>>> print(open('target-v7.cif').read())   # mmCIF, N, CA and C atoms
data_data
#
loop_
_atom_site.label_atom_id
_atom_site.label_comp_id
_atom_site.auth_asym_id
_atom_site.auth_seq_id
_atom_site.Cartn_x
_atom_site.Cartn_y
_atom_site.Cartn_z
N MET A 1 17.78 -52.93 4.60
CA MET A 1 16.67 -52.57 3.72
C MET A 1 16.08 -51.24 4.16
N ALA A 2 15.82 -50.36 3.23
CA ALA A 2 15.27 -49.04 3.54
C ALA A 2 13.83 -49.16 4.00
N SER A 3 13.49 -48.34 4.95
CA SER A 3 12.13 -48.33 5.48
C SER A 3 11.23 -47.49 4.59
N ASP A 4 9.97 -47.92 4.50
CA ASP A 4 8.98 -47.14 3.76
C ASP A 4 8.32 -46.10 4.66
N ARG A 5 8.72 -46.08 5.92
CA ARG A 5 8.13 -45.17 6.89
C ARG A 5 8.82 -43.80 6.80
N LEU A 6 8.03 -42.78 6.68
CA LEU A 6 8.55 -41.41 6.62
C LEU A 6 8.87 -40.93 8.03
N VAL A 7 10.11 -40.51 8.23
CA VAL A 7 10.53 -39.87 9.48
C VAL A 7 10.83 -38.42 9.09
N LEU A 8 9.92 -37.55 9.43
CA LEU A 8 9.98 -36.17 8.93
C LEU A 8 11.32 -35.51 9.19
N ASP A 9 11.87 -35.68 10.38
CA ASP A 9 13.13 -35.01 10.72
C ASP A 9 14.30 -35.53 9.89
N GLN A 10 14.14 -36.67 9.23
CA GLN A 10 15.20 -37.22 8.38
C GLN A 10 14.85 -37.14 6.90
N PHE A 11 13.75 -36.49 6.59
CA PHE A 11 13.28 -36.31 5.21
C PHE A 11 13.98 -35.08 4.63
N PHE A 12 14.82 -35.28 3.63
CA PHE A 12 15.65 -34.19 3.10
C PHE A 12 14.87 -32.92 2.72
N PRO A 13 13.77 -33.03 1.98
CA PRO A 13 13.05 -31.79 1.65
C PRO A 13 12.60 -31.01 2.90
N TYR A 14 12.18 -31.73 3.92
CA TYR A 14 11.76 -31.08 5.16
C TYR A 14 12.96 -30.41 5.84
N ARG A 15 14.07 -31.11 5.97
CA ARG A 15 15.27 -30.54 6.62
C ARG A 15 15.74 -29.30 5.85
N LEU A 16 15.71 -29.38 4.54
CA LEU A 16 16.13 -28.24 3.72
C LEU A 16 15.22 -27.04 3.98
N SER A 17 13.92 -27.29 4.04
CA SER A 17 12.96 -26.22 4.29
C SER A 17 13.13 -25.62 5.68
N VAL A 18 13.26 -26.46 6.69
CA VAL A 18 13.43 -25.96 8.06
C VAL A 18 14.71 -25.14 8.18
N THR A 19 15.79 -25.66 7.63
CA THR A 19 17.07 -24.94 7.69
C THR A 19 16.97 -23.59 6.99
N THR A 20 16.36 -23.58 5.82
CA THR A 20 16.17 -22.33 5.09
C THR A 20 15.35 -21.34 5.91
N ASN A 21 14.29 -21.82 6.54
CA ASN A 21 13.45 -20.94 7.34
C ASN A 21 14.20 -20.38 8.55
N VAL A 22 15.01 -21.20 9.21
CA VAL A 22 15.78 -20.72 10.36
C VAL A 22 16.75 -19.63 9.93
N VAL A 23 17.49 -19.88 8.85
CA VAL A 23 18.44 -18.89 8.36
C VAL A 23 17.71 -17.61 7.95
N SER A 24 16.63 -17.74 7.20
CA SER A 24 15.87 -16.57 6.76
C SER A 24 15.30 -15.78 7.94
N ASP A 25 14.81 -16.48 8.96
CA ASP A 25 14.25 -15.80 10.13
C ASP A 25 15.30 -14.97 10.86
N VAL A 26 16.50 -15.52 11.02
CA VAL A 26 17.58 -14.79 11.69
C VAL A 26 17.93 -13.54 10.90
N ILE A 27 18.07 -13.71 9.60
CA ILE A 27 18.43 -12.57 8.75
C ILE A 27 17.28 -11.57 8.68
N ALA A 28 16.05 -12.05 8.60
CA ALA A 28 14.89 -11.16 8.52
C ALA A 28 14.80 -10.25 9.74
N LYS A 29 15.05 -10.81 10.91
CA LYS A 29 15.00 -9.98 12.14
C LYS A 29 16.04 -8.87 12.09
N ALA A 30 17.21 -9.19 11.62
CA ALA A 30 18.27 -8.19 11.53
C ALA A 30 17.94 -7.13 10.49
N TYR A 31 17.48 -7.54 9.31
CA TYR A 31 17.14 -6.58 8.26
C TYR A 31 16.00 -5.67 8.68
N GLU A 32 15.04 -6.24 9.39
CA GLU A 32 13.91 -5.43 9.87
C GLU A 32 14.40 -4.40 10.88
N ALA A 33 15.22 -4.84 11.83
CA ALA A 33 15.70 -3.95 12.88
C ALA A 33 16.68 -2.89 12.34
N LEU A 34 17.57 -3.30 11.48
CA LEU A 34 18.61 -2.38 10.99
C LEU A 34 18.17 -1.49 9.84
N PHE A 35 17.33 -2.04 8.94
CA PHE A 35 17.03 -1.33 7.69
C PHE A 35 15.55 -1.19 7.39
N ASP A 36 14.70 -1.68 8.28
CA ASP A 36 13.25 -1.65 8.08
C ASP A 36 12.87 -2.31 6.75
N LEU A 37 13.49 -3.48 6.49
CA LEU A 37 13.24 -4.23 5.25
C LEU A 37 12.77 -5.64 5.59
N SER A 38 11.79 -6.12 4.85
CA SER A 38 11.42 -7.53 4.93
C SER A 38 12.35 -8.31 4.00
N ILE A 39 12.36 -9.62 4.16
CA ILE A 39 13.18 -10.45 3.27
C ILE A 39 12.74 -10.29 1.81
N PRO A 40 11.43 -10.32 1.49
CA PRO A 40 11.06 -10.10 0.08
C PRO A 40 11.52 -8.74 -0.44
N GLU A 41 11.43 -7.70 0.39
CA GLU A 41 11.88 -6.38 -0.05
C GLU A 41 13.38 -6.39 -0.32
N TRP A 42 14.15 -7.03 0.56
CA TRP A 42 15.59 -7.11 0.35
C TRP A 42 15.90 -7.88 -0.92
N ARG A 43 15.19 -8.96 -1.16
CA ARG A 43 15.44 -9.74 -2.38
C ARG A 43 15.14 -8.94 -3.63
N VAL A 44 14.07 -8.16 -3.61
CA VAL A 44 13.75 -7.30 -4.75
C VAL A 44 14.88 -6.30 -4.96
N ILE A 45 15.32 -5.64 -3.90
CA ILE A 45 16.41 -4.67 -4.01
C ILE A 45 17.66 -5.34 -4.58
N ALA A 46 18.00 -6.52 -4.07
CA ALA A 46 19.21 -7.20 -4.51
C ALA A 46 19.14 -7.57 -5.99
N VAL A 47 18.00 -8.09 -6.43
CA VAL A 47 17.86 -8.47 -7.85
C VAL A 47 17.90 -7.22 -8.73
N VAL A 48 17.21 -6.16 -8.32
CA VAL A 48 17.22 -4.93 -9.12
C VAL A 48 18.63 -4.34 -9.17
N ALA A 49 19.37 -4.44 -8.07
CA ALA A 49 20.75 -3.94 -8.05
C ALA A 49 21.62 -4.72 -9.04
N GLU A 50 21.37 -6.01 -9.16
CA GLU A 50 22.16 -6.84 -10.07
C GLU A 50 21.70 -6.72 -11.52
N ARG A 51 20.42 -6.44 -11.72
CA ARG A 51 19.83 -6.43 -13.07
C ARG A 51 18.96 -5.20 -13.26
N ASP A 52 19.56 -4.05 -13.28
CA ASP A 52 18.81 -2.81 -13.46
C ASP A 52 17.91 -2.95 -14.69
N GLY A 53 16.65 -2.60 -14.53
CA GLY A 53 15.72 -2.71 -15.64
C GLY A 53 15.00 -4.05 -15.68
N VAL A 54 15.00 -4.77 -14.58
CA VAL A 54 14.32 -6.06 -14.51
C VAL A 54 12.82 -5.83 -14.28
N THR A 55 12.01 -6.76 -14.72
CA THR A 55 10.57 -6.70 -14.47
C THR A 55 10.24 -7.48 -13.19
N GLN A 56 9.02 -7.27 -12.69
CA GLN A 56 8.59 -8.04 -11.53
C GLN A 56 8.59 -9.53 -11.87
N GLN A 57 8.19 -9.89 -13.09
CA GLN A 57 8.22 -11.29 -13.50
C GLN A 57 9.64 -11.83 -13.47
N GLY A 58 10.58 -11.01 -13.88
CA GLY A 58 11.99 -11.41 -13.82
C GLY A 58 12.44 -11.67 -12.39
N ILE A 59 11.93 -10.87 -11.47
CA ILE A 59 12.25 -11.07 -10.05
C ILE A 59 11.62 -12.38 -9.55
N CYS A 60 10.39 -12.63 -9.96
CA CYS A 60 9.73 -13.90 -9.59
C CYS A 60 10.56 -15.08 -10.06
N THR A 61 11.04 -15.01 -11.29
CA THR A 61 11.84 -16.10 -11.84
C THR A 61 13.16 -16.25 -11.10
N ALA A 62 13.82 -15.14 -10.82
CA ALA A 62 15.13 -15.18 -10.17
C ALA A 62 15.06 -15.66 -8.72
N THR A 63 13.99 -15.29 -8.02
CA THR A 63 13.91 -15.57 -6.59
C THR A 63 12.98 -16.72 -6.23
N ARG A 64 12.13 -17.11 -7.17
CA ARG A 64 11.09 -18.12 -6.94
C ARG A 64 10.04 -17.64 -5.94
N MET A 65 9.95 -16.33 -5.75
CA MET A 65 8.87 -15.77 -4.94
C MET A 65 7.64 -15.65 -5.82
N ASP A 66 6.46 -15.73 -5.21
CA ASP A 66 5.24 -15.63 -6.00
C ASP A 66 4.96 -14.18 -6.38
N LYS A 67 4.08 -14.02 -7.37
CA LYS A 67 3.77 -12.69 -7.92
C LYS A 67 3.24 -11.72 -6.87
N VAL A 68 2.39 -12.20 -5.99
CA VAL A 68 1.79 -11.32 -4.97
C VAL A 68 2.87 -10.81 -4.03
N THR A 69 3.76 -11.68 -3.59
CA THR A 69 4.85 -11.27 -2.69
C THR A 69 5.74 -10.24 -3.35
N VAL A 70 6.11 -10.48 -4.60
CA VAL A 70 6.97 -9.55 -5.33
C VAL A 70 6.24 -8.22 -5.55
N SER A 71 4.97 -8.28 -5.89
CA SER A 71 4.19 -7.07 -6.12
C SER A 71 4.11 -6.22 -4.85
N ARG A 72 3.80 -6.86 -3.73
CA ARG A 72 3.70 -6.12 -2.45
C ARG A 72 5.05 -5.52 -2.06
N ALA A 73 6.10 -6.30 -2.21
CA ALA A 73 7.43 -5.79 -1.86
C ALA A 73 7.81 -4.62 -2.77
N THR A 74 7.54 -4.75 -4.05
CA THR A 74 7.86 -3.68 -5.00
C THR A 74 7.09 -2.41 -4.68
N LEU A 75 5.79 -2.55 -4.44
CA LEU A 75 4.99 -1.37 -4.10
C LEU A 75 5.50 -0.68 -2.84
N ALA A 76 5.87 -1.46 -1.83
CA ALA A 76 6.40 -0.88 -0.60
C ALA A 76 7.70 -0.13 -0.88
N LEU A 77 8.55 -0.69 -1.72
CA LEU A 77 9.82 -0.05 -2.05
C LEU A 77 9.62 1.20 -2.90
N VAL A 78 8.65 1.17 -3.80
CA VAL A 78 8.31 2.36 -4.59
C VAL A 78 7.79 3.46 -3.65
N ASP A 79 6.91 3.08 -2.73
CA ASP A 79 6.36 4.05 -1.77
C ASP A 79 7.45 4.67 -0.90
N ARG A 80 8.49 3.91 -0.60
CA ARG A 80 9.60 4.41 0.22
C ARG A 80 10.63 5.18 -0.61
N GLY A 81 10.43 5.24 -1.92
CA GLY A 81 11.36 5.98 -2.77
C GLY A 81 12.66 5.24 -3.03
N LEU A 82 12.64 3.91 -2.91
CA LEU A 82 13.85 3.12 -3.11
C LEU A 82 13.93 2.49 -4.50
N VAL A 83 12.77 2.33 -5.13
CA VAL A 83 12.67 1.71 -6.46
C VAL A 83 11.76 2.56 -7.33
N THR A 84 12.11 2.66 -8.61
CA THR A 84 11.23 3.32 -9.58
C THR A 84 10.71 2.28 -10.56
N ARG A 85 9.56 2.59 -11.14
CA ARG A 85 8.95 1.73 -12.16
C ARG A 85 8.80 2.56 -13.43
N ALA A 86 9.35 2.05 -14.52
CA ALA A 86 9.27 2.75 -15.81
C ALA A 86 8.57 1.86 -16.82
N PRO A 87 7.93 2.47 -17.82
CA PRO A 87 7.27 1.66 -18.85
C PRO A 87 8.27 0.73 -19.54
N ASN A 88 7.78 -0.45 -19.90
CA ASN A 88 8.58 -1.43 -20.61
C ASN A 88 8.11 -1.43 -22.06
N ARG A 89 8.92 -0.90 -22.95
CA ARG A 89 8.52 -0.81 -24.36
C ARG A 89 8.36 -2.18 -25.01
N ALA A 90 9.05 -3.19 -24.48
CA ALA A 90 8.95 -4.54 -25.04
C ALA A 90 7.67 -5.24 -24.62
N ASP A 91 7.08 -4.80 -23.50
CA ASP A 91 5.86 -5.43 -22.98
C ASP A 91 5.11 -4.38 -22.16
N ARG A 92 4.09 -3.80 -22.75
CA ARG A 92 3.38 -2.69 -22.11
C ARG A 92 2.65 -3.09 -20.83
N ARG A 93 2.50 -4.39 -20.59
CA ARG A 93 1.82 -4.85 -19.38
C ARG A 93 2.75 -4.84 -18.17
N SER A 94 4.05 -4.75 -18.40
CA SER A 94 5.01 -4.81 -17.29
C SER A 94 5.76 -3.49 -17.16
N ARG A 95 6.45 -3.35 -16.06
CA ARG A 95 7.26 -2.17 -15.78
C ARG A 95 8.70 -2.61 -15.52
N LEU A 96 9.63 -1.75 -15.88
CA LEU A 96 11.04 -2.01 -15.60
C LEU A 96 11.40 -1.34 -14.29
N LEU A 97 12.05 -2.08 -13.42
CA LEU A 97 12.39 -1.58 -12.10
C LEU A 97 13.85 -1.15 -12.04
N ALA A 98 14.09 -0.07 -11.31
CA ALA A 98 15.45 0.42 -11.10
C ALA A 98 15.54 0.99 -9.69
N LEU A 99 16.74 0.94 -9.13
CA LEU A 99 16.94 1.55 -7.82
C LEU A 99 17.09 3.06 -7.97
N THR A 100 16.53 3.78 -7.04
CA THR A 100 16.75 5.21 -6.96
C THR A 100 18.11 5.43 -6.28
N ASP A 101 18.53 6.67 -6.16
CA ASP A 101 19.77 6.96 -5.42
C ASP A 101 19.66 6.44 -3.99
N ALA A 102 18.48 6.65 -3.37
CA ALA A 102 18.26 6.16 -2.01
C ALA A 102 18.31 4.63 -1.97
N GLY A 103 17.77 3.98 -2.99
CA GLY A 103 17.82 2.52 -3.08
C GLY A 103 19.23 2.00 -3.22
N ARG A 104 20.03 2.67 -4.05
CA ARG A 104 21.44 2.27 -4.20
C ARG A 104 22.21 2.48 -2.91
N SER A 105 21.90 3.56 -2.22
CA SER A 105 22.56 3.83 -0.93
C SER A 105 22.20 2.76 0.09
N LEU A 106 20.92 2.39 0.14
CA LEU A 106 20.49 1.35 1.07
C LEU A 106 21.15 0.01 0.71
N TYR A 107 21.18 -0.32 -0.57
CA TYR A 107 21.83 -1.55 -1.01
C TYR A 107 23.30 -1.56 -0.57
N ALA A 108 23.97 -0.44 -0.70
CA ALA A 108 25.38 -0.34 -0.31
C ALA A 108 25.57 -0.57 1.19
N GLN A 109 24.54 -0.33 1.98
CA GLN A 109 24.60 -0.59 3.42
C GLN A 109 24.24 -2.04 3.74
N VAL A 110 23.25 -2.58 3.04
CA VAL A 110 22.73 -3.91 3.37
C VAL A 110 23.63 -5.02 2.81
N ALA A 111 24.16 -4.86 1.62
CA ALA A 111 24.95 -5.92 0.99
C ALA A 111 26.13 -6.37 1.87
N PRO A 112 26.90 -5.46 2.45
CA PRO A 112 27.98 -5.93 3.33
C PRO A 112 27.46 -6.68 4.56
N LYS A 113 26.31 -6.28 5.05
CA LYS A 113 25.71 -6.97 6.19
C LYS A 113 25.29 -8.38 5.79
N ALA A 114 24.75 -8.53 4.59
CA ALA A 114 24.37 -9.85 4.08
C ALA A 114 25.61 -10.75 3.99
N LEU A 115 26.69 -10.21 3.48
CA LEU A 115 27.92 -10.99 3.37
C LEU A 115 28.46 -11.34 4.75
N GLN A 116 28.29 -10.44 5.71
CA GLN A 116 28.72 -10.71 7.08
C GLN A 116 27.90 -11.86 7.69
N PHE A 117 26.58 -11.85 7.47
CA PHE A 117 25.74 -12.96 7.94
C PHE A 117 26.18 -14.27 7.32
N GLU A 118 26.43 -14.24 6.02
CA GLU A 118 26.88 -15.45 5.33
C GLU A 118 28.16 -15.97 5.98
N GLU A 119 29.10 -15.08 6.23
CA GLU A 119 30.37 -15.46 6.86
C GLU A 119 30.14 -16.05 8.25
N GLN A 120 29.27 -15.43 9.03
CA GLN A 120 29.02 -15.92 10.38
C GLN A 120 28.37 -17.31 10.37
N ILE A 121 27.46 -17.52 9.45
CA ILE A 121 26.74 -18.80 9.39
C ILE A 121 27.65 -19.92 8.87
N PHE A 122 28.48 -19.62 7.89
CA PHE A 122 29.24 -20.66 7.20
C PHE A 122 30.72 -20.69 7.56
N SER A 123 31.15 -19.91 8.52
CA SER A 123 32.59 -19.82 8.85
C SER A 123 33.19 -21.12 9.37
N SER A 124 32.38 -22.02 9.88
CA SER A 124 32.93 -23.28 10.41
C SER A 124 33.17 -24.32 9.32
N PHE A 125 32.86 -23.98 8.08
CA PHE A 125 33.07 -24.91 6.96
C PHE A 125 34.25 -24.42 6.13
N ASP A 126 35.02 -25.36 5.60
CA ASP A 126 36.14 -24.94 4.75
C ASP A 126 35.65 -24.68 3.33
N ALA A 127 36.51 -24.08 2.54
CA ALA A 127 36.14 -23.67 1.18
C ALA A 127 35.66 -24.85 0.34
N ARG A 128 36.29 -25.99 0.46
CA ARG A 128 35.89 -27.18 -0.32
C ARG A 128 34.48 -27.63 0.05
N GLU A 129 34.17 -27.64 1.35
CA GLU A 129 32.84 -28.03 1.80
C GLU A 129 31.78 -27.08 1.24
N LEU A 130 32.09 -25.79 1.26
CA LEU A 130 31.14 -24.80 0.75
C LEU A 130 30.95 -24.93 -0.75
N GLU A 131 32.02 -25.20 -1.48
CA GLU A 131 31.90 -25.42 -2.92
C GLU A 131 31.05 -26.65 -3.21
N ASP A 132 31.29 -27.72 -2.45
CA ASP A 132 30.49 -28.94 -2.62
C ASP A 132 29.03 -28.69 -2.27
N PHE A 133 28.80 -27.94 -1.21
CA PHE A 133 27.44 -27.64 -0.77
C PHE A 133 26.71 -26.82 -1.83
N MET A 134 27.37 -25.81 -2.39
CA MET A 134 26.76 -24.99 -3.44
C MET A 134 26.46 -25.85 -4.67
N ARG A 135 27.37 -26.71 -5.02
CA ARG A 135 27.16 -27.60 -6.16
C ARG A 135 25.94 -28.51 -5.90
N MET A 136 25.83 -29.03 -4.69
CA MET A 136 24.69 -29.88 -4.34
C MET A 136 23.39 -29.09 -4.38
N LEU A 137 23.39 -27.88 -3.85
CA LEU A 137 22.17 -27.06 -3.88
C LEU A 137 21.72 -26.81 -5.31
N ARG A 138 22.66 -26.48 -6.17
CA ARG A 138 22.32 -26.23 -7.58
C ARG A 138 21.80 -27.51 -8.25
N ALA A 139 22.40 -28.65 -7.92
CA ALA A 139 21.94 -29.92 -8.49
C ALA A 139 20.54 -30.28 -7.99
N ILE A 140 20.29 -30.04 -6.72
CA ILE A 140 18.95 -30.29 -6.15
C ILE A 140 17.93 -29.41 -6.84
N GLU A 141 18.26 -28.14 -7.00
CA GLU A 141 17.35 -27.20 -7.67
C GLU A 141 17.07 -27.65 -9.11
N ALA A 142 18.11 -28.01 -9.83
CA ALA A 142 17.94 -28.44 -11.22
C ALA A 142 17.07 -29.70 -11.30
N ARG A 143 17.31 -30.64 -10.41
CA ARG A 143 16.53 -31.88 -10.44
C ARG A 143 15.07 -31.60 -10.09
N ALA A 144 14.84 -30.76 -9.10
CA ALA A 144 13.45 -30.42 -8.73
C ALA A 144 12.75 -29.74 -9.90
N LEU A 145 13.44 -28.86 -10.62
CA LEU A 145 12.85 -28.21 -11.78
C LEU A 145 12.54 -29.23 -12.88
N GLU A 146 13.40 -30.21 -13.04
CA GLU A 146 13.15 -31.28 -14.02
C GLU A 146 11.88 -32.05 -13.67
N LEU A 147 11.64 -32.22 -12.38
CA LEU A 147 10.50 -33.01 -11.92
C LEU A 147 9.19 -32.23 -11.92
N GLY A 148 9.25 -30.96 -12.24
CA GLY A 148 7.99 -30.24 -12.35
C GLY A 148 7.98 -28.86 -11.74
N GLY A 149 9.15 -28.28 -11.54
CA GLY A 149 9.22 -26.94 -10.95
C GLY A 149 8.92 -25.95 -11.96
#
>>> encode(input="target-v7.cif", output="structure tokens")
Amino acid sequence: MASDRLVLDQFFPYRLSVTTNVVSDVIAKAYEALFDLSIPEWRVIAVVAERDGVTQQGICTATRMDKVTVSRATLALVDRGLVTRAPNRADRRSRLLALTDAGRSLYAQVAPKALQFEEQIFSSFDARELEDFMRMLRAIEARALELGG
């Protein structure tokens, strides 16, 4: 019979959060040291690289980062000359973001490093395990969104 007692270390949402934080912390230290980028800044760059002309709201939706985090990261990237903001004719309250030449150059340096980190972290798993894991992550995300995300 299942226990009604919560054991935090065996609680799936907690384990998922802790694991995510450990992985993010390792990567954040490297990105800060190598590229002077925070994780939110890197995520903004990556989304803009994939979707040139995205809005900050679009980045919030894609990354699940809050508006303040995205706004601060975007402003820092604009100040560094890595991202530009252009008027959005479809919605005058928002701006369309694009990478500058310097932003594209930085992305070209960081993206291979990101893939290298992924390889180092997941190299002990075979392709089938990784496919199953990705499928489970997507299913967990979808179910959480159904429940009120």
>>> select_by_dssp(input="target-v7.cif", residues="range 26-122 of chain A", states="strand (DSSP E or B)", output="ChimeraX atom specification")
/A:54,83-87,95-99
>>> axis_aligned_box(input="target-v7.cif", around="range 94-102 of chain A", padding_each_side="5 Å", output="AutoDock Vina command-line options")
--center_x 11.9 --center_y 1.1 --center_z -10.2 --size_x 25.7 --size_y 21.8 --size_z 26.4
>>> residues_near_point(input="target-v7.cif", point="(24.3, -10.5, 3.0)", cutoff="7 Å", atoms="only C-alpha atoms", output="count of residues only")
9
>>> resolve_selection(input="target-v7.cif", expression="the PyMOL selection byres (((chain A and resi 47-52 and name CA) around 10) and name CA)", output="VMD selection string")
chain A and resid 42 to 46 53 to 56 58 to 60 62 to 63 83 96 to 99 103 to 104 107 to 108
>>> select_by_dssp(input="target-v7.cif", residues="chain A", states="alpha helix (DSSP H)", output="PyMOL selection string")
chain A and resi 12-35+39-50+56-63+67-79+101-122+127-146
>>> atom_distance(input="target-v7.cif", atom1="atom C of Pro40 in chain A", atom2="CA of Val70 in chain A")
6.7 Å
>>> residues_around(input="target-v7.cif", residues="Ile27 in chain A", least_positions_apart="5", cutoff="7 Å", atoms="only N, CA and C atoms", output="NGL selection string")
:A and (22 or 32 or 39)
>>> atom_distance(input="target-v7.cif", atom1="CA of Tyr14 in chain A", atom2="CA of Val68 in chain A")
24.3 Å
>>> atom_distance(input="target-v7.cif", atom1="CA of Ser71 in chain A", atom2="CA of Val26 in chain A")
23.6 Å
>>> residues_around(input="target-v7.cif", residues="Asp36 in chain A", least_positions_apart="5", cutoff="12 Å", atoms="only C-alpha atoms", output="MDAnalysis selection string")
chainID A and resid 28:31 41:42 76:77 80 106 110
>>> write_last_selection(input="target-v7.cif", atoms="N, CA and C atoms", output="short mmCIF file (atom, residue, chain, number, x, y, z; two decimals), keeping the file's coordinate frame")
data_model
loop_
_atom_site.label_atom_id
_atom_site.label_comp_id
_atom_site.auth_asym_id
_atom_site.auth_seq_id
_atom_site.Cartn_x
_atom_site.Cartn_y
_atom_site.Cartn_z
N ALA A 28 16.05 -12.05 8.60
CA ALA A 28 14.89 -11.16 8.52
C ALA A 28 14.80 -10.25 9.74
N LYS A 29 15.05 -10.81 10.91
CA LYS A 29 15.00 -9.98 12.14
C LYS A 29 16.04 -8.87 12.09
N ALA A 30 17.21 -9.19 11.62
CA ALA A 30 18.27 -8.19 11.53
C ALA A 30 17.94 -7.13 10.49
N TYR A 31 17.48 -7.54 9.31
CA TYR A 31 17.14 -6.58 8.26
C TYR A 31 16.00 -5.67 8.68
N GLU A 41 11.43 -7.70 0.39
CA GLU A 41 11.88 -6.38 -0.05
C GLU A 41 13.38 -6.39 -0.32
N TRP A 42 14.15 -7.03 0.56
CA TRP A 42 15.59 -7.11 0.35
C TRP A 42 15.90 -7.88 -0.92
N ALA A 76 5.87 -1.46 -1.83
CA ALA A 76 6.40 -0.88 -0.60
C ALA A 76 7.70 -0.13 -0.88
N LEU A 77 8.55 -0.69 -1.72
CA LEU A 77 9.82 -0.05 -2.05
C LEU A 77 9.62 1.20 -2.90
N ARG A 80 8.49 3.91 -0.60
CA ARG A 80 9.60 4.41 0.22
C ARG A 80 10.63 5.18 -0.61
N LEU A 106 20.92 2.39 0.14
CA LEU A 106 20.49 1.35 1.07
C LEU A 106 21.15 0.01 0.71
N VAL A 110 23.25 -2.58 3.04
CA VAL A 110 22.73 -3.91 3.37
C VAL A 110 23.63 -5.02 2.81
#
>>> residues_around(input="target-v7.cif", residues="Thr100 in chain A", least_positions_apart="5", cutoff="6.5 Å", atoms="only N, CA and C atoms", output="ChimeraX atom specification")
/A:81-84,105
